[in-house]
Amino acid sequence: AQTVTQSQPEMSVQEAETVTLSCTYDTSESDYYLFWYKQPPSRQMILVIRQEAYKQQNATENRFSVNFQKAAKSFSLKISDSQLGDAAMYFCAYRSYRSGGSNYKLTFGKGTLLTVNP
Amino acid sequence: GAVVSQHPSRVICKSGTSVKIECRSLDFQATTMFWYRQFPKKSLMLMATSNEGSKATYEQGVEKDKFLINHASLTLSTLTVTSAHPEDSSFYICSARDSHSYGYTFGSGTRLTVV
């Protein structure tokens with residue numbers, strides 16, 4: 001079974017600074033999807049970024065970018081120019097590339113609580 | 001963008017009663033939906049995968065007779081907590097997978113309190 005590990009329960013960053021959240025995963029599959037989700041205090045889950053394992057290029061969405069190291073099974077999230085609205089719980093998630101039923105499920109890490117200091 | 005409507009957002013029920021939570025995809029078809037449980041400041045724990053027109057697949061340790069899942073249409077899945085007890089109090093979140101875009105959209109969650 002796949003596992004996702006987020007080793008930083010909490011992180012803090014100064015507004016306008018850059019922060020990197022760590023995520024490692026364990027899988028025997030060669031193709032899969034990786035995600036970062038944000039859960040603000042409202043508890044609404046919001047997709048931040050998504051990466052397909054077969055793509056070598058790191059995904060980027062505005063101030064958010066990932067460092068995907070397939071061999072090391074590492075998928076870190078970098079937030080640049082941090083804003084107060086970035087404060088949230090961040091979850092790393094894994095999904096198998098296989099199709100059908102339970103293969104579509106997301107396996108989440110335990111999360112990292114990010115605090116942004118003004 | 002894709003929207004998933006989850007109701008109710010909050011519910012308080014008496015111990016021994018049943019509670020139904022609805023999850024509806026508003027502008028897309030979802031052949032697969034997921035139900036999660038989340039404790040405060042914890043991760044999402046997958047309870048079951050719901051497939052339209054077939055029985056749900058429950059994760060190990062989840063009581064299927066207690067947490068009844070029905071996915072009768074491409075836009076609606078329901079979770080019924082039967083004979084609720086205080087230990088069932090939690091935050092429940094649904095997620096729907098868009099059959100066409102392959103994206104996942106989450107509902108806003110339901111806070112269940114059993115007294």
# chains A, B, ... in the order shown; residues from 1 in each chain; ligands from 1

$ interface_residues --of "chain B" --to "chain A" --cutoff "8 Å" --atoms "only C-alpha atoms" --output "PyMOL selection string"
chain B and resi 32+34+42-45+49-51+57+106-109

$ write_last_selection --atoms "all heavy atoms" --output "mmCIF file, in the first residue's frame"
data_model
loop_
_atom_site.group_PDB
_atom_site.id
_atom_site.type_symbol
_atom_site.label_atom_id
_atom_site.label_comp_id
_atom_site.auth_asym_id
_atom_site.auth_seq_id
_atom_site.Cartn_x
_atom_site.Cartn_y
_atom_site.Cartn_z
ATOM 1 N N THR B 32 -17.614 8.380 -9.331
ATOM 2 C CA THR B 32 -16.966 7.952 -8.093
ATOM 3 C C THR B 32 -16.954 9.099 -7.090
ATOM 4 O O THR B 32 -16.563 10.213 -7.430
ATOM 5 C CB THR B 32 -15.519 7.503 -8.349
ATOM 6 O OG1 THR B 32 -15.506 6.515 -9.387
ATOM 7 C CG2 THR B 32 -14.918 6.896 -7.084
ATOM 8 N N PHE B 34 -16.125 9.917 -2.742
ATOM 9 C CA PHE B 34 -15.388 9.418 -1.589
ATOM 10 C C PHE B 34 -15.924 10.079 -0.333
ATOM 11 O O PHE B 34 -16.281 11.261 -0.339
ATOM 12 C CB PHE B 34 -13.893 9.736 -1.733
ATOM 13 C CG PHE B 34 -13.291 9.229 -3.009
ATOM 14 C CD1 PHE B 34 -13.290 10.024 -4.146
ATOM 15 C CD2 PHE B 34 -12.737 7.972 -3.082
ATOM 16 C CE1 PHE B 34 -12.759 9.567 -5.340
ATOM 17 C CE2 PHE B 34 -12.194 7.502 -4.274
ATOM 18 C CZ PHE B 34 -12.207 8.300 -5.397
ATOM 19 N N LYS B 42 -6.242 16.895 12.256
ATOM 20 C CA LYS B 42 -5.735 15.619 11.755
ATOM 21 C C LYS B 42 -6.000 15.517 10.260
ATOM 22 O O LYS B 42 -6.674 16.355 9.661
ATOM 23 C CB LYS B 42 -6.419 14.454 12.477
ATOM 24 C CG LYS B 42 -6.161 14.403 13.961
ATOM 25 C CD LYS B 42 -4.720 14.078 14.268
ATOM 26 C CE LYS B 42 -4.515 13.933 15.769
ATOM 27 N NZ LYS B 42 -3.081 13.667 16.097
ATOM 28 N N SER B 43 -5.471 14.450 9.686
ATOM 29 C CA SER B 43 -5.634 14.261 8.250
ATOM 30 C C SER B 43 -7.010 13.685 7.920
ATOM 31 O O SER B 43 -7.783 13.339 8.810
ATOM 32 C CB SER B 43 -4.545 13.335 7.727
ATOM 33 O OG SER B 43 -4.586 13.282 6.314
ATOM 34 N N LEU B 44 -7.287 13.581 6.638
ATOM 35 C CA LEU B 44 -8.531 12.978 6.188
ATOM 36 C C LEU B 44 -8.355 11.466 6.161
ATOM 37 O O LEU B 44 -7.410 10.945 5.567
ATOM 38 C CB LEU B 44 -8.887 13.464 4.784
ATOM 39 C CG LEU B 44 -9.498 14.854 4.669
ATOM 40 C CD1 LEU B 44 -8.473 15.933 4.936
ATOM 41 C CD2 LEU B 44 -10.123 15.051 3.291
ATOM 42 N N MET B 45 -9.297 10.786 6.779
ATOM 43 C CA MET B 45 -9.269 9.338 6.788
ATOM 44 C C MET B 45 -10.362 8.835 5.846
ATOM 45 O O MET B 45 -11.544 9.106 6.061
ATOM 46 C CB MET B 45 -9.507 8.803 8.193
ATOM 47 C CG MET B 45 -9.444 7.285 8.298
ATOM 48 S SD MET B 45 -10.056 6.661 9.867
ATOM 49 C CE MET B 45 -11.831 6.718 9.589
ATOM 50 N N THR B 49 -15.268 4.299 -0.717
ATOM 51 C CA THR B 49 -15.361 4.764 -2.098
ATOM 52 C C THR B 49 -16.738 4.372 -2.610
ATOM 53 O O THR B 49 -17.130 3.200 -2.521
ATOM 54 C CB THR B 49 -14.283 4.114 -2.975
ATOM 55 O OG1 THR B 49 -12.995 4.446 -2.439
ATOM 56 C CG2 THR B 49 -14.378 4.602 -4.411
ATOM 57 N N SER B 50 -17.429 5.367 -3.143
ATOM 58 C CA SER B 50 -18.797 5.157 -3.592
ATOM 59 C C SER B 50 -18.854 5.205 -5.114
ATOM 60 O O SER B 50 -18.405 6.169 -5.709
ATOM 61 C CB SER B 50 -19.657 6.277 -2.982
ATOM 62 O OG SER B 50 -20.880 6.415 -3.635
ATOM 63 N N ASN B 51 -19.367 4.165 -5.718
ATOM 64 C CA ASN B 51 -19.482 4.105 -7.173
ATOM 65 C C ASN B 51 -20.956 4.107 -7.574
ATOM 66 O O ASN B 51 -21.754 3.345 -7.016
ATOM 67 C CB ASN B 51 -18.805 2.848 -7.717
ATOM 68 C CG ASN B 51 -17.317 2.854 -7.459
ATOM 69 O OD1 ASN B 51 -16.594 3.704 -7.963
ATOM 70 N ND2 ASN B 51 -16.849 1.919 -6.656
ATOM 71 N N THR B 57 -17.238 0.588 -1.580
ATOM 72 C CA THR B 57 -16.074 -0.157 -1.094
ATOM 73 C C THR B 57 -15.591 0.510 0.176
ATOM 74 O O THR B 57 -15.165 1.667 0.143
ATOM 75 C CB THR B 57 -14.951 -0.165 -2.147
ATOM 76 O OG1 THR B 57 -15.444 -0.722 -3.364
ATOM 77 C CG2 THR B 57 -13.773 -0.986 -1.637
ATOM 78 N N PHE B 106 -14.086 18.803 -3.525
ATOM 79 C CA PHE B 106 -14.516 18.441 -2.177
ATOM 80 C C PHE B 106 -15.739 19.240 -1.767
ATOM 81 O O PHE B 106 -15.890 20.420 -2.129
ATOM 82 C CB PHE B 106 -13.385 18.707 -1.184
ATOM 83 C CG PHE B 106 -12.258 17.720 -1.278
ATOM 84 C CD1 PHE B 106 -11.311 17.830 -2.286
ATOM 85 C CD2 PHE B 106 -12.158 16.671 -0.382
ATOM 86 C CE1 PHE B 106 -10.264 16.915 -2.393
ATOM 87 C CE2 PHE B 106 -11.123 15.753 -0.478
ATOM 88 C CZ PHE B 106 -10.176 15.872 -1.481
ATOM 89 N N GLY B 107 -16.584 18.598 -0.974
ATOM 90 C CA GLY B 107 -17.670 19.315 -0.334
ATOM 91 C C GLY B 107 -17.121 20.140 0.817
ATOM 92 O O GLY B 107 -15.948 20.014 1.188
ATOM 93 N N SER B 108 -17.963 20.976 1.384
ATOM 94 C CA SER B 108 -17.521 21.876 2.453
ATOM 95 C C SER B 108 -17.557 21.222 3.823
ATOM 96 O O SER B 108 -17.163 21.828 4.814
ATOM 97 C CB SER B 108 -18.382 23.138 2.459
ATOM 98 O OG SER B 108 -19.747 22.795 2.527
ATOM 99 N N GLY B 109 -18.010 19.965 3.876
ATOM 100 C CA GLY B 109 -17.950 19.222 5.120
ATOM 101 C C GLY B 109 -19.196 19.335 5.979
ATOM 102 O O GLY B 109 -19.981 20.283 5.850
#

$ residues_around --residues "B:Ser54" --least-positions-apart "2" --cutoff "9 Å" --atoms "only C-alpha atoms" --output "list in words"
Ser50, Asn51, Glu52, Ala56, Asn70, His71 and Ala72 of chain B

$ atom_distance --atom1 "atom CA of A:Asn67" --atom2 "atom CA of A:Thr18"
13.9 Å

$ residues_around --residues "B:Arg97" --least-positions-apart "5" --cutoff "7 Å" --atoms "only C-alpha atoms" --output "ChimeraX atom specification"
/B:30,32-33,102-105

$ select_by_dssp --residues "chain B" --states "strand (DSSP E)" --output "number ranges by chain"
B: 4-7, 10-13, 19-25, 32-38, 44-51, 57-58, 67-73, 76-81, 90-97, 104-106, 110-114

$ residues_around --residues "B:Phe91" --least-positions-apart "6" --cutoff "7 Å" --atoms "only C-alpha atoms" --output "list in words"
Arg37, Gln38, Phe39, Gly109, Thr110, Arg111 and Leu112 of chain B

$ closest_residue --among "A:Gln51, A:Thr115, A:Gln8, A:Thr60" --to "A:Lys78" --atoms "only C-alpha atoms"
A:Thr60

$ residues_around --residues "stretch 13-22 of chain B" --least-positions-apart "4" --cutoff "10 Å" --atoms "only C-alpha atoms" --output "compact mmCIF listing (two decimals) with N, CA and C atoms, in the first residue's frame"
# COMPACT_ATOMS: atom_id res chain seq x y z
N SER B 5 -21.88 20.24 -3.51
CA SER B 5 -22.70 20.76 -2.41
C SER B 5 -22.89 19.67 -1.37
N GLN B 6 -22.52 19.97 -0.15
CA GLN B 6 -22.65 18.99 0.93
C GLN B 6 -23.57 19.57 2.01
N HIS B 7 -24.57 18.78 2.39
CA HIS B 7 -25.54 19.21 3.40
C HIS B 7 -25.88 18.10 4.36
N PRO B 8 -26.16 18.41 5.61
CA PRO B 8 -26.07 19.75 6.19
C PRO B 8 -24.63 20.10 6.53
N SER B 9 -24.37 21.35 6.84
CA SER B 9 -23.02 21.75 7.24
C SER B 9 -22.79 21.43 8.72
N LYS B 66 -22.93 0.45 9.83
CA LYS B 66 -23.11 1.68 10.61
C LYS B 66 -23.07 2.91 9.69
N PHE B 67 -22.21 2.87 8.73
CA PHE B 67 -22.05 3.99 7.80
C PHE B 67 -22.55 3.53 6.42
N LEU B 68 -23.84 3.80 6.19
CA LEU B 68 -24.47 3.35 4.95
C LEU B 68 -24.25 4.38 3.86
N ILE B 69 -23.73 3.91 2.73
CA ILE B 69 -23.47 4.81 1.61
C ILE B 69 -24.31 4.38 0.42
N ASN B 70 -24.96 5.38 -0.18
CA ASN B 70 -25.78 5.15 -1.36
C ASN B 70 -25.37 6.14 -2.44
N LEU B 76 -25.34 12.34 -7.02
CA LEU B 76 -25.71 12.32 -5.62
C LEU B 76 -25.21 11.08 -4.90
N SER B 77 -24.53 11.31 -3.78
CA SER B 77 -24.15 10.23 -2.89
C SER B 77 -24.56 10.64 -1.48
N THR B 78 -25.01 9.67 -0.69
CA THR B 78 -25.41 9.96 0.68
C THR B 78 -24.69 9.03 1.64
N LEU B 79 -24.41 9.59 2.81
CA LEU B 79 -23.82 8.83 3.91
C LEU B 79 -24.80 8.90 5.06
N THR B 80 -25.25 7.74 5.53
CA THR B 80 -26.15 7.69 6.68
C THR B 80 -25.41 7.05 7.84
N VAL B 81 -25.32 7.81 8.92
CA VAL B 81 -24.73 7.29 10.16
C VAL B 81 -25.88 6.72 10.97
N THR B 82 -25.91 5.42 11.11
CA THR B 82 -27.02 4.76 11.79
C THR B 82 -26.70 4.56 13.28
N SER B 83 -27.74 4.66 14.09
CA SER B 83 -27.59 4.47 15.53
C SER B 83 -26.34 5.22 16.03
N ALA B 84 -26.35 6.50 15.82
CA ALA B 84 -25.18 7.32 16.13
C ALA B 84 -24.87 7.33 17.62
N HIS B 85 -23.58 7.37 17.93
CA HIS B 85 -23.11 7.46 19.31
C HIS B 85 -22.13 8.62 19.41
N PRO B 86 -21.88 9.10 20.61
CA PRO B 86 -20.98 10.25 20.76
C PRO B 86 -19.63 10.06 20.08
N GLU B 87 -19.13 8.84 20.01
CA GLU B 87 -17.83 8.61 19.36
C GLU B 87 -17.88 8.79 17.84
N ASP B 88 -19.09 8.89 17.29
CA ASP B 88 -19.23 9.16 15.86
C ASP B 88 -19.14 10.65 15.56
N SER B 89 -19.11 11.46 16.60
CA SER B 89 -18.99 12.90 16.41
C SER B 89 -17.68 13.19 15.70
N TYR B 92 -17.17 15.23 8.67
CA TYR B 92 -17.25 14.31 7.52
C TYR B 92 -17.18 15.13 6.23
N ILE B 93 -16.33 14.68 5.31
CA ILE B 93 -16.14 15.39 4.05
C ILE B 93 -16.35 14.43 2.89
N CYS B 94 -17.03 14.90 1.87
CA CYS B 94 -17.17 14.08 0.66
C CYS B 94 -16.31 14.70 -0.45
N GLY B 107 -16.58 18.60 -0.97
CA GLY B 107 -17.67 19.32 -0.33
C GLY B 107 -17.12 20.14 0.82
N GLY B 109 -18.01 19.97 3.88
CA GLY B 109 -17.95 19.22 5.12
C GLY B 109 -19.20 19.34 5.98
N THR B 110 -19.35 18.34 6.85
CA THR B 110 -20.46 18.30 7.80
C THR B 110 -19.90 18.02 9.19
N LEU B 112 -20.71 16.74 12.58
CA LEU B 112 -21.71 15.95 13.29
C LEU B 112 -21.38 15.91 14.77
N THR B 113 -22.38 16.25 15.57
CA THR B 113 -22.24 16.16 17.02
C THR B 113 -23.35 15.26 17.54
N VAL B 114 -22.97 14.21 18.22
CA VAL B 114 -23.95 13.28 18.78
C VAL B 114 -23.97 13.48 20.30
N VAL B 115 -25.15 13.79 20.81
CA VAL B 115 -25.27 14.09 22.25
C VAL B 115 -26.07 13.01 22.98

$ residues_around --residues "A:Ile49" --least-positions-apart "4" --cutoff "9 Å" --atoms "only C-alpha atoms" --output "MDAnalysis selection string"
chainID A and resid 34:37 59:61 64:66 77

$ write_last_selection --atoms "N, CA and C atoms" --output "PDB file, in the first residue's frame"
ATOM      1  N   LEU A  34       0.474  13.104  -7.974  1.00  0.00           N
ATOM      2  CA  LEU A  34       0.729  13.697  -6.667  1.00  0.00           C
ATOM      3  C   LEU A  34       0.026  15.049  -6.596  1.00  0.00           C
ATOM      4  N   PHE A  35      -0.448  15.369  -5.418  1.00  0.00           N
ATOM      5  CA  PHE A  35      -1.210  16.601  -5.225  1.00  0.00           C
ATOM      6  C   PHE A  35      -0.773  17.300  -3.949  1.00  0.00           C
ATOM      7  N   TRP A  36      -0.969  18.609  -3.947  1.00  0.00           N
ATOM      8  CA  TRP A  36      -0.953  19.385  -2.708  1.00  0.00           C
ATOM      9  C   TRP A  36      -2.312  20.050  -2.580  1.00  0.00           C
ATOM     10  N   TYR A  37      -2.917  19.845  -1.405  1.00  0.00           N
ATOM     11  CA  TYR A  37      -4.187  20.477  -1.099  1.00  0.00           C
ATOM     12  C   TYR A  37      -3.993  21.411   0.081  1.00  0.00           C
ATOM     13  N   ALA A  59       5.634  21.004 -11.724  1.00  0.00           N
ATOM     14  CA  ALA A  59       4.433  21.814 -11.890  1.00  0.00           C
ATOM     15  C   ALA A  59       4.573  23.157 -11.167  1.00  0.00           C
ATOM     16  N   THR A  60       3.948  24.164 -11.739  1.00  0.00           N
ATOM     17  CA  THR A  60       3.965  25.517 -11.164  1.00  0.00           C
ATOM     18  C   THR A  60       2.591  26.141 -11.315  1.00  0.00           C
ATOM     19  N   GLU A  61       2.144  26.804 -10.256  1.00  0.00           N
ATOM     20  CA  GLU A  61       0.897  27.552 -10.288  1.00  0.00           C
ATOM     21  C   GLU A  61       1.132  28.868  -9.561  1.00  0.00           C
ATOM     22  N   PHE A  64       3.111  29.100  -6.326  1.00  0.00           N
ATOM     23  CA  PHE A  64       3.309  27.750  -5.820  1.00  0.00           C
ATOM     24  C   PHE A  64       4.051  26.902  -6.855  1.00  0.00           C
ATOM     25  N   SER A  65       5.059  26.200  -6.398  1.00  0.00           N
ATOM     26  CA  SER A  65       5.792  25.309  -7.292  1.00  0.00           C
ATOM     27  C   SER A  65       6.213  24.076  -6.506  1.00  0.00           C
ATOM     28  N   VAL A  66       6.483  23.021  -7.234  1.00  0.00           N
ATOM     29  CA  VAL A  66       6.909  21.798  -6.565  1.00  0.00           C
ATOM     30  C   VAL A  66       8.310  21.425  -7.019  1.00  0.00           C
ATOM     31  N   LEU A  77       6.658  21.270  -1.688  1.00  0.00           N
ATOM     32  CA  LEU A  77       5.907  22.433  -2.172  1.00  0.00           C
ATOM     33  C   LEU A  77       6.604  23.706  -1.730  1.00  0.00           C
TER      34      LEU A  77
END

$ decode --residues "stretch 31-44 of chain A" --atoms "all heavy atoms" --output "PDB file, in the first residue's frame"
ATOM      1  N   ASP A  31       3.918   4.862 -12.334  1.00  0.00           N
ATOM      2  CA  ASP A  31       3.110   6.005 -12.753  1.00  0.00           C
ATOM      3  C   ASP A  31       2.054   6.303 -11.698  1.00  0.00           C
ATOM      4  O   ASP A  31       1.407   5.385 -11.188  1.00  0.00           O
ATOM      5  CB  ASP A  31       2.437   5.740 -14.107  1.00  0.00           C
ATOM      6  CG  ASP A  31       3.437   5.792 -15.247  1.00  0.00           C
ATOM      7  OD1 ASP A  31       4.336   6.648 -15.199  1.00  0.00           O
ATOM      8  OD2 ASP A  31       3.321   4.972 -16.164  1.00  0.00           O
ATOM      9  N   TYR A  32       1.878   7.595 -11.423  1.00  0.00           N
ATOM     10  CA  TYR A  32       0.943   7.997 -10.385  1.00  0.00           C
ATOM     11  C   TYR A  32       0.778   9.514 -10.455  1.00  0.00           C
ATOM     12  O   TYR A  32       1.425  10.194 -11.268  1.00  0.00           O
ATOM     13  CB  TYR A  32       1.453   7.584  -8.988  1.00  0.00           C
ATOM     14  CG  TYR A  32       2.925   7.854  -8.767  1.00  0.00           C
ATOM     15  CD1 TYR A  32       3.373   9.091  -8.309  1.00  0.00           C
ATOM     16  CD2 TYR A  32       3.872   6.859  -9.026  1.00  0.00           C
ATOM     17  CE1 TYR A  32       4.717   9.330  -8.120  1.00  0.00           C
ATOM     18  CE2 TYR A  32       5.220   7.095  -8.840  1.00  0.00           C
ATOM     19  CZ  TYR A  32       5.647   8.321  -8.384  1.00  0.00           C
ATOM     20  OH  TYR A  32       6.987   8.553  -8.204  1.00  0.00           O
ATOM     21  N   TYR A  33      -0.099  10.017  -9.610  1.00  0.00           N
ATOM     22  CA  TYR A  33      -0.328  11.455  -9.509  1.00  0.00           C
ATOM     23  C   TYR A  33      -0.005  11.893  -8.082  1.00  0.00           C
ATOM     24  O   TYR A  33      -0.259  11.164  -7.130  1.00  0.00           O
ATOM     25  CB  TYR A  33      -1.790  11.805  -9.798  1.00  0.00           C
ATOM     26  CG  TYR A  33      -2.272  11.395 -11.167  1.00  0.00           C
ATOM     27  CD1 TYR A  33      -2.949  10.182 -11.350  1.00  0.00           C
ATOM     28  CD2 TYR A  33      -2.091  12.208 -12.280  1.00  0.00           C
ATOM     29  CE1 TYR A  33      -3.407   9.805 -12.599  1.00  0.00           C
ATOM     30  CE2 TYR A  33      -2.565  11.837 -13.527  1.00  0.00           C
ATOM     31  CZ  TYR A  33      -3.212  10.630 -13.678  1.00  0.00           C
ATOM     32  OH  TYR A  33      -3.675  10.249 -14.912  1.00  0.00           O
ATOM     33  N   LEU A  34       0.474  13.104  -7.974  1.00  0.00           N
ATOM     34  CA  LEU A  34       0.729  13.697  -6.667  1.00  0.00           C
ATOM     35  C   LEU A  34       0.026  15.049  -6.596  1.00  0.00           C
ATOM     36  O   LEU A  34      -0.076  15.762  -7.603  1.00  0.00           O
ATOM     37  CB  LEU A  34       2.227  13.878  -6.439  1.00  0.00           C
ATOM     38  CG  LEU A  34       3.040  12.575  -6.361  1.00  0.00           C
ATOM     39  CD1 LEU A  34       4.522  12.877  -6.474  1.00  0.00           C
ATOM     40  CD2 LEU A  34       2.742  11.825  -5.077  1.00  0.00           C
ATOM     41  N   PHE A  35      -0.448  15.369  -5.418  1.00  0.00           N
ATOM     42  CA  PHE A  35      -1.210  16.601  -5.225  1.00  0.00           C
ATOM     43  C   PHE A  35      -0.773  17.300  -3.949  1.00  0.00           C
ATOM     44  O   PHE A  35      -0.308  16.669  -2.991  1.00  0.00           O
ATOM     45  CB  PHE A  35      -2.710  16.288  -5.055  1.00  0.00           C
ATOM     46  CG  PHE A  35      -3.326  15.467  -6.155  1.00  0.00           C
ATOM     47  CD1 PHE A  35      -3.181  14.088  -6.173  1.00  0.00           C
ATOM     48  CD2 PHE A  35      -4.076  16.070  -7.149  1.00  0.00           C
ATOM     49  CE1 PHE A  35      -3.763  13.323  -7.175  1.00  0.00           C
ATOM     50  CE2 PHE A  35      -4.672  15.314  -8.149  1.00  0.00           C
ATOM     51  CZ  PHE A  35      -4.511  13.940  -8.161  1.00  0.00           C
ATOM     52  N   TRP A  36      -0.969  18.609  -3.947  1.00  0.00           N
ATOM     53  CA  TRP A  36      -0.953  19.385  -2.708  1.00  0.00           C
ATOM     54  C   TRP A  36      -2.312  20.050  -2.580  1.00  0.00           C
ATOM     55  O   TRP A  36      -2.785  20.708  -3.512  1.00  0.00           O
ATOM     56  CB  TRP A  36       0.137  20.456  -2.731  1.00  0.00           C
ATOM     57  CG  TRP A  36       1.490  19.941  -2.363  1.00  0.00           C
ATOM     58  CD1 TRP A  36       2.506  19.586  -3.194  1.00  0.00           C
ATOM     59  CD2 TRP A  36       1.975  19.733  -1.025  1.00  0.00           C
ATOM     60  NE1 TRP A  36       3.594  19.154  -2.474  1.00  0.00           N
ATOM     61  CE2 TRP A  36       3.288  19.239  -1.147  1.00  0.00           C
ATOM     62  CE3 TRP A  36       1.442  19.922   0.252  1.00  0.00           C
ATOM     63  CZ2 TRP A  36       4.078  18.930  -0.032  1.00  0.00           C
ATOM     64  CZ3 TRP A  36       2.215  19.614   1.352  1.00  0.00           C
ATOM     65  CH2 TRP A  36       3.525  19.127   1.209  1.00  0.00           C
ATOM     66  N   TYR A  37      -2.917  19.845  -1.405  1.00  0.00           N
ATOM     67  CA  TYR A  37      -4.187  20.477  -1.099  1.00  0.00           C
ATOM     68  C   TYR A  37      -3.993  21.411   0.081  1.00  0.00           C
ATOM     69  O   TYR A  37      -3.184  21.164   0.986  1.00  0.00           O
ATOM     70  CB  TYR A  37      -5.245  19.433  -0.738  1.00  0.00           C
ATOM     71  CG  TYR A  37      -5.893  18.769  -1.932  1.00  0.00           C
ATOM     72  CD1 TYR A  37      -5.367  17.582  -2.447  1.00  0.00           C
ATOM     73  CD2 TYR A  37      -7.007  19.313  -2.554  1.00  0.00           C
ATOM     74  CE1 TYR A  37      -5.950  16.966  -3.545  1.00  0.00           C
ATOM     75  CE2 TYR A  37      -7.592  18.708  -3.650  1.00  0.00           C
ATOM     76  CZ  TYR A  37      -7.057  17.537  -4.141  1.00  0.00           C
ATOM     77  OH  TYR A  37      -7.621  16.924  -5.233  1.00  0.00           O
ATOM     78  N   LYS A  38      -4.777  22.463   0.082  1.00  0.00           N
ATOM     79  CA  LYS A  38      -4.780  23.453   1.165  1.00  0.00           C
ATOM     80  C   LYS A  38      -6.123  23.368   1.872  1.00  0.00           C
ATOM     81  O   LYS A  38      -7.184  23.284   1.222  1.00  0.00           O
ATOM     82  CB  LYS A  38      -4.583  24.841   0.546  1.00  0.00           C
ATOM     83  CG  LYS A  38      -4.840  26.013   1.436  1.00  0.00           C
ATOM     84  CD  LYS A  38      -4.715  27.309   0.624  1.00  0.00           C
ATOM     85  CE  LYS A  38      -5.022  28.520   1.464  1.00  0.00           C
ATOM     86  NZ  LYS A  38      -4.911  29.764   0.676  1.00  0.00           N
ATOM     87  N   GLN A  39      -6.100  23.387   3.208  1.00  0.00           N
ATOM     88  CA  GLN A  39      -7.338  23.418   3.984  1.00  0.00           C
ATOM     89  C   GLN A  39      -7.268  24.586   4.959  1.00  0.00           C
ATOM     90  O   GLN A  39      -6.670  24.487   6.020  1.00  0.00           O
ATOM     91  CB  GLN A  39      -7.566  22.092   4.728  1.00  0.00           C
ATOM     92  CG  GLN A  39      -8.939  22.023   5.385  1.00  0.00           C
ATOM     93  CD  GLN A  39      -9.177  20.729   6.137  1.00  0.00           C
ATOM     94  OE1 GLN A  39      -8.297  20.227   6.825  1.00  0.00           O
ATOM     95  NE2 GLN A  39     -10.384  20.169   6.008  1.00  0.00           N
ATOM     96  N   PRO A  40      -7.880  25.699   4.603  1.00  0.00           N
ATOM     97  CA  PRO A  40      -7.897  26.860   5.497  1.00  0.00           C
ATOM     98  C   PRO A  40      -8.838  26.611   6.669  1.00  0.00           C
ATOM     99  O   PRO A  40      -9.465  25.552   6.734  1.00  0.00           O
ATOM    100  CB  PRO A  40      -8.408  27.985   4.581  1.00  0.00           C
ATOM    101  CG  PRO A  40      -9.201  27.276   3.534  1.00  0.00           C
ATOM    102  CD  PRO A  40      -8.571  25.937   3.344  1.00  0.00           C
ATOM    103  N   PRO A  41      -8.943  27.568   7.578  1.00  0.00           N
ATOM    104  CA  PRO A  41      -9.828  27.382   8.739  1.00  0.00           C
ATOM    105  C   PRO A  41     -11.273  27.051   8.372  1.00  0.00           C
ATOM    106  O   PRO A  41     -11.978  26.433   9.156  1.00  0.00           O
ATOM    107  CB  PRO A  41      -9.719  28.725   9.465  1.00  0.00           C
ATOM    108  CG  PRO A  41      -8.346  29.189   9.144  1.00  0.00           C
ATOM    109  CD  PRO A  41      -8.112  28.773   7.708  1.00  0.00           C
ATOM    110  N   SER A  42     -11.723  27.438   7.200  1.00  0.00           N
ATOM    111  CA  SER A  42     -13.083  27.086   6.771  1.00  0.00           C
ATOM    112  C   SER A  42     -13.237  25.582   6.553  1.00  0.00           C
ATOM    113  O   SER A  42     -14.358  25.076   6.464  1.00  0.00           O
ATOM    114  CB  SER A  42     -13.416  27.804   5.457  1.00  0.00           C
ATOM    115  OG  SER A  42     -12.610  27.299   4.395  1.00  0.00           O
ATOM    116  N   ARG A  43     -12.113  24.896   6.441  1.00  0.00           N
ATOM    117  CA  ARG A  43     -12.037  23.445   6.248  1.00  0.00           C
ATOM    118  C   ARG A  43     -12.425  22.991   4.840  1.00  0.00           C
ATOM    119  O   ARG A  43     -12.563  21.805   4.599  1.00  0.00           O
ATOM    120  CB  ARG A  43     -12.823  22.680   7.307  1.00  0.00           C
ATOM    121  CG  ARG A  43     -12.354  23.010   8.714  1.00  0.00           C
ATOM    122  CD  ARG A  43     -12.916  22.125   9.778  1.00  0.00           C
ATOM    123  NE  ARG A  43     -12.215  20.856   9.865  1.00  0.00           N
ATOM    124  CZ  ARG A  43     -12.383  19.999  10.867  1.00  0.00           C
ATOM    125  NH1 ARG A  43     -13.209  20.278  11.832  1.00  0.00           N
ATOM    126  NH2 ARG A  43     -11.731  18.854  10.863  1.00  0.00           N
ATOM    127  N   GLN A  44     -12.569  23.940   3.930  1.00  0.00           N
ATOM    128  CA  GLN A  44     -12.807  23.586   2.536  1.00  0.00           C
ATOM    129  C   GLN A  44     -11.482  23.169   1.908  1.00  0.00           C
ATOM    130  O   GLN A  44     -10.510  23.904   1.954  1.00  0.00           O
ATOM    131  CB  GLN A  44     -13.380  24.792   1.774  1.00  0.00           C
ATOM    132  CG  GLN A  44     -13.548  24.568   0.288  1.00  0.00           C
ATOM    133  CD  GLN A  44     -14.667  23.596  -0.025  1.00  0.00           C
ATOM    134  OE1 GLN A  44     -15.808  23.782   0.377  1.00  0.00           O
ATOM    135  NE2 GLN A  44     -14.351  22.532  -0.755  1.00  0.00           N
TER     136      GLN A  44
END
